[in-house]
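Participant: Dropping the structure in here first, questions after.
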Amino acid sequence: MNICVFLSAADLDERYTRPAKEFAELLGKGGHTLVWGGSDVGLMKVVADGVQESGGKLLGVSVDFLAAKAREGADEMVIAKDLAERKRLLLEKADAVVIMVGGTGTLDEATEILELKKHGHTDKPVVLLNTAGFYDGLKEQFRRMEDEGFLPRPLTELVFFAEEPVGALAYLEESQGIA
């Protein structure tokens with residue numbers, strides 16, 4: 001399975017890097033391909049290292065202004081002209097999406113895939129990996145959106161919330177008939 005991971009390129013402490021590495025190792029051992037922003041820095045590097053070291057493949061989609069930070073030695077690296085094309089290519093190349101901890105770029109990517117799902121433009125499974133409770137506030141906001149009628153589909157049809165890496169991958173594999 002090609003699993004797109006939206007996540008931070010920042011250097012983060014162990015409460016975020018340890019679960020990211022765990023997820024990456026599960027992905028690699030499962031024979032999956034990581035589809036990611038292509039950067040070889042921060043949490044993106046942690047995940048790419050873990051996937052590659054565990055036998056998985058790397059398919060990066062970087063962008064012109066970040067090309068200097070693109071990972072050498074990826075199985076495939078595409079350089080998009082801008083962020084919009086990058087997002088489109090990431091989603092196009094993926095069978096499923098995992099949203100890990102990140103900043104505004106990650107949030108932008110997350111809301112785009114959820115908006116596409118909400119309107120029926122994709123049926124790819126989406127997991128929000130809530131490492132160290134990072135997305136507790138967002139989860140609560142999504143529930144309020146659902147409760148107050150802002151979502152035309154049940155929240156459970158849009159996104160699966162996983163607290164641990166093993167649960168995230170198990171959900172994706174089950175949704176694709178792998179498990």
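Just remember, in the structure tokens the first chain shown is A, the second B, etc., residues are 1-based per chain, and ligands are 1-based in the order shown.
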For the strand (DSSP E or B) assignment from backbone DSSP, which residues of stretch 14-178 of chain A qualify? Please present them as a ChimeraX atom specification.
Facilitator: /A:33-36,39,57-63,70,76-80,96-99,126-129,160-162
Participant: Which residues are near stretch 63-75 of chain A? Cut-off 9 Å, only C-alpha atoms, ignore same chain within fewer than 4 positions. Put them as a ChimeraX atom specification.
Facilitator: /A:37-41,45,48,52,57-59,79-83,85-86
Participant: Give me the residues near A:Gly56 as a ChimeraX atom specification, where near means some atom within 7 Å (using only C-alpha atoms) and where sequence neighbours in that chain fewer than 4 positions away do not count.
Facilitator: /A:27-29,31-33,51-52
Participant: Take the residues from that selection and put them in a file with N, CA and C atoms, as a PDB file, in the first residue's frame.
Facilitator:
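Below you can see result.pdb, which holds the result:
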```
ATOM      1  N   LEU A  27       5.308   0.347   9.090  1.00  0.00           N
ATOM      2  CA  LEU A  27       5.030   0.569   7.669  1.00  0.00           C
ATOM      3  C   LEU A  27       6.039  -0.192   6.801  1.00  0.00           C
ATOM      4  N   GLY A  28       7.327  -0.031   7.126  1.00  0.00           N
ATOM      5  CA  GLY A  28       8.377  -0.712   6.367  1.00  0.00           C
ATOM      6  C   GLY A  28       8.287  -2.222   6.459  1.00  0.00           C
ATOM      7  N   LYS A  29       8.108  -2.745   7.673  1.00  0.00           N
ATOM      8  CA  LYS A  29       8.006  -4.196   7.874  1.00  0.00           C
ATOM      9  C   LYS A  29       6.787  -4.770   7.166  1.00  0.00           C
ATOM     10  N   GLY A  31       5.866  -3.924   4.314  1.00  0.00           N
ATOM     11  CA  GLY A  31       6.119  -3.882   2.872  1.00  0.00           C
ATOM     12  C   GLY A  31       5.444  -2.717   2.165  1.00  0.00           C
ATOM     13  N   HIS A  32       5.080  -1.694   2.928  1.00  0.00           N
ATOM     14  CA  HIS A  32       4.385  -0.549   2.359  1.00  0.00           C
ATOM     15  C   HIS A  32       5.375   0.508   1.862  1.00  0.00           C
ATOM     16  N   THR A  33       4.854   1.439   1.083  1.00  0.00           N
ATOM     17  CA  THR A  33       5.642   2.566   0.573  1.00  0.00           C
ATOM     18  C   THR A  33       5.198   3.833   1.280  1.00  0.00           C
ATOM     19  N   VAL A  51      11.211   3.846   7.796  1.00  0.00           N
ATOM     20  CA  VAL A  51      10.620   3.048   6.712  1.00  0.00           C
ATOM     21  C   VAL A  51      11.717   2.359   5.919  1.00  0.00           C
ATOM     22  N   GLN A  52      12.729   3.124   5.516  1.00  0.00           N
ATOM     23  CA  GLN A  52      13.798   2.568   4.685  1.00  0.00           C
ATOM     24  C   GLN A  52      14.574   1.482   5.432  1.00  0.00           C
TER      25      GLN A  52
END
```
Participant: Which residue is closest to A:Gly42? Choose from A:Thr122, A:Thr17, A:Thr111, A:Gln141 and count only C-alpha atoms.
Facilitator: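 Smallest separation from A:Gly42 among the options: A:Thr17.
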Participant: To one decimal place, how far is atom CA of A:Leu107 from atom CA of A:Gly30 in Å?
Facilitator: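 Going from atom CA of A:Leu107 over to atom CA of A:Gly30 covers 26.8 Å.
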Participant: In Å to one decimal, how far is atom CA of A:Leu169 from atom CA of A:Glu146?
Facilitator: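 Straight-line distance from atom CA of A:Glu146 to atom CA of A:Leu169 works out to 25.1 Å.
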Participant: Could you please write out, as an NGL selection string, every residue of stretch 2-144 of chain A that DSSP assigns to helix (DSSP H, G or I)?
Facilitator: :A and (14-29 or 42-53 or 64-69 or 83-93 or 104-118 or 131-133 or 136-144)
Participant: Looking at A:Leu114, A:Arg88, A:Gly149, A:Thr131, which one is nearest to A:Lys21, with distances taken over only C-alpha atoms?
Facilitator: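 Closest residue, counting only C-alpha atoms: A:Thr131.
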Participant: Using only C-alpha atoms, which protein or nucleic acid residues come within 8 Å of A:Leu158? Drop anything in the same chain fewer than 4 positions from it, and give the result as a PyMOL selection string.
Facilitator: chain A and resi 114+117-118+125-126+153-154
Participant: Can you tell me which residues surround A:Glu174 at a distance of at most 12 Å, considering only C-alpha atoms, apart from same-chain residues fewer than 5 positions away, and format the answer as a ChimeraX atom specification?
Facilitator: /A:1,96,125,167-169,179
Participant: Next, the residues of the selection above should be written as a short mmCIF file (atom, residue, chain, number, x, y, z; two decimals), in the first residue's frame with all heavy atoms.
Facilitator:
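Result written to result35.cif:
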```
data_model
loop_
_atom_site.label_atom_id
_atom_site.label_comp_id
_atom_site.auth_asym_id
_atom_site.auth_seq_id
_atom_site.Cartn_x
_atom_site.Cartn_y
_atom_site.Cartn_z
N MET A 1 0.84 -1.17 0.00
CA MET A 1 0.00 0.00 0.00
C MET A 1 0.90 1.24 0.00
O MET A 1 1.90 1.28 0.70
CB MET A 1 -0.88 -0.06 1.25
CG MET A 1 -1.91 1.01 1.36
SD MET A 1 -3.10 0.86 2.77
CE MET A 1 -2.45 -0.34 3.85
N ALA A 96 -3.83 5.63 0.91
CA ALA A 96 -4.35 5.98 2.23
C ALA A 96 -3.53 7.14 2.78
O ALA A 96 -2.43 7.41 2.30
CB ALA A 96 -4.25 4.78 3.17
N PRO A 125 -8.90 5.87 2.89
CA PRO A 125 -8.96 5.94 4.34
C PRO A 125 -8.00 7.01 4.88
O PRO A 125 -6.90 7.18 4.36
CB PRO A 125 -8.55 4.54 4.80
CG PRO A 125 -7.86 3.92 3.65
CD PRO A 125 -8.36 4.60 2.41
N GLY A 167 -2.38 0.90 15.98
CA GLY A 167 -3.79 1.04 15.66
C GLY A 167 -4.02 1.75 14.34
O GLY A 167 -4.94 1.42 13.59
N ALA A 168 -3.16 2.72 14.04
CA ALA A 168 -3.25 3.45 12.78
C ALA A 168 -3.03 2.51 11.59
O ALA A 168 -3.83 2.47 10.65
CB ALA A 168 -2.24 4.60 12.74
N LEU A 169 -1.95 1.74 11.65
CA LEU A 169 -1.65 0.85 10.53
C LEU A 169 -2.66 -0.29 10.43
O LEU A 169 -3.07 -0.66 9.33
CB LEU A 169 -0.22 0.30 10.61
CG LEU A 169 0.22 -0.46 9.36
CD1 LEU A 169 0.18 0.44 8.12
CD2 LEU A 169 1.61 -1.04 9.53
N ALA A 179 -5.37 -6.95 6.21
CA ALA A 179 -5.27 -7.66 7.49
C ALA A 179 -6.27 -8.79 7.58
O ALA A 179 -7.28 -8.82 6.96
CB ALA A 179 -5.48 -6.68 8.64
#
```
Participant: In Å, how far is it from atom CA of A:Ala162 to atom CA of A:Val127?
Facilitator: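 Separating atom CA of A:Ala162 from atom CA of A:Val127 is a distance of 6.7 Å.
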Participant: Which one is closest to A:Glu76: A:Leu129, A:Ala94, A:Val61, A:Cys4? Count only C-alpha atoms.
Facilitator: A:Val61
Participant: Near A:Asp95, counting only C-alpha atoms, which residues have an atom at most 12 Å away, once you skip same-chain residues fewer than 2 positions from it, shown as a list in words?
Facilitator: Met1, Asn2, Ile3, Cys4, Val5, His32, Thr33, Leu34, Val35, Leu90, Leu91, Glu92, Lys93, Val97, Val98, Thr122, Asp123, Lys124, Pro125, Val126, Leu172, Glu173, Ser175 and Gln176 of chain A
Participant: Please produce a file of the residues just selected, as a CSV table (one decimal), in the first residue's frame, where the atoms kept are N, CA and C atoms.
Facilitator:
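Output (selection17.csv):
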```csv
chain,number,residue,atom,x,y,z
A,1,MET,N,0.8,-1.2,0.0
A,1,MET,CA,0.0,0.0,0.0
A,1,MET,C,0.9,1.2,0.0
A,2,ASN,N,0.5,2.3,-0.7
A,2,ASN,CA,1.2,3.6,-0.7
A,2,ASN,C,0.5,4.4,0.3
A,3,ILE,N,1.2,4.7,1.4
A,3,ILE,CA,0.6,5.4,2.5
A,3,ILE,C,1.2,6.8,2.6
A,4,CYS,N,0.4,7.8,2.3
A,4,CYS,CA,0.8,9.2,2.4
A,4,CYS,C,0.8,9.6,3.9
A,5,VAL,N,1.9,10.2,4.3
A,5,VAL,CA,2.0,10.7,5.7
A,5,VAL,C,2.2,12.2,5.6
A,32,HIS,N,5.1,-1.7,2.9
A,32,HIS,CA,4.4,-0.5,2.4
A,32,HIS,C,5.4,0.5,1.9
A,33,THR,N,4.9,1.4,1.1
A,33,THR,CA,5.6,2.6,0.6
A,33,THR,C,5.2,3.8,1.3
A,34,LEU,N,6.2,4.6,1.8
A,34,LEU,CA,5.9,5.9,2.4
A,34,LEU,C,5.8,6.9,1.3
A,35,VAL,N,4.7,7.6,1.2
A,35,VAL,CA,4.6,8.8,0.3
A,35,VAL,C,4.6,10.0,1.2
A,90,LEU,N,0.8,14.2,-3.9
A,90,LEU,CA,0.8,13.3,-2.7
A,90,LEU,C,-0.4,12.5,-2.6
A,91,LEU,N,-1.6,13.2,-2.8
A,91,LEU,CA,-2.9,12.5,-2.7
A,91,LEU,C,-3.1,11.5,-3.8
A,92,GLU,N,-2.6,11.9,-5.0
A,92,GLU,CA,-2.8,11.1,-6.2
A,92,GLU,C,-2.0,9.8,-6.1
A,93,LYS,N,-0.8,9.8,-5.5
A,93,LYS,CA,0.1,8.7,-5.4
A,93,LYS,C,-0.3,7.8,-4.2
A,97,VAL,N,-4.1,7.8,3.8
A,97,VAL,CA,-3.4,9.0,4.4
A,97,VAL,C,-3.4,8.9,5.9
A,98,VAL,N,-2.2,9.2,6.4
A,98,VAL,CA,-2.0,9.3,7.9
A,98,VAL,C,-1.6,10.7,8.2
A,122,THR,N,-13.0,11.5,-2.9
A,122,THR,CA,-12.1,10.4,-2.6
A,122,THR,C,-12.7,9.5,-1.5
A,123,ASP,N,-12.3,8.2,-1.6
A,123,ASP,CA,-12.8,7.3,-0.5
A,123,ASP,C,-11.6,6.7,0.2
A,124,LYS,N,-10.4,7.3,0.0
A,124,LYS,CA,-9.2,6.8,0.7
A,124,LYS,C,-9.3,6.9,2.2
A,125,PRO,N,-8.9,5.9,2.9
A,125,PRO,CA,-9.0,5.9,4.3
A,125,PRO,C,-8.0,7.0,4.9
A,126,VAL,N,-8.5,7.7,5.9
A,126,VAL,CA,-7.7,8.8,6.5
A,126,VAL,C,-7.6,8.5,8.0
A,172,LEU,N,-5.7,1.0,8.6
A,172,LEU,CA,-5.4,1.1,7.2
A,172,LEU,C,-5.4,-0.2,6.4
A,173,GLU,N,-4.7,-1.2,7.0
A,173,GLU,CA,-4.6,-2.5,6.4
A,173,GLU,C,-6.0,-3.2,6.3
A,175,SER,N,-8.9,-1.7,6.2
A,175,SER,CA,-9.7,-0.9,5.3
A,175,SER,C,-9.4,-1.3,3.8
A,176,GLN,N,-8.1,-1.8,3.6
A,176,GLN,CA,-7.7,-2.1,2.3
A,176,GLN,C,-7.8,-3.7,2.1
```
Participant: Can you tell me, as a PyMOL selection string, what residues are no more than 7 Å from A:Val159 when counting only C-alpha atoms, ignoring any on the same chain fewer than 2 positions away?
Facilitator: chain A and resi 126-128+155-157+161
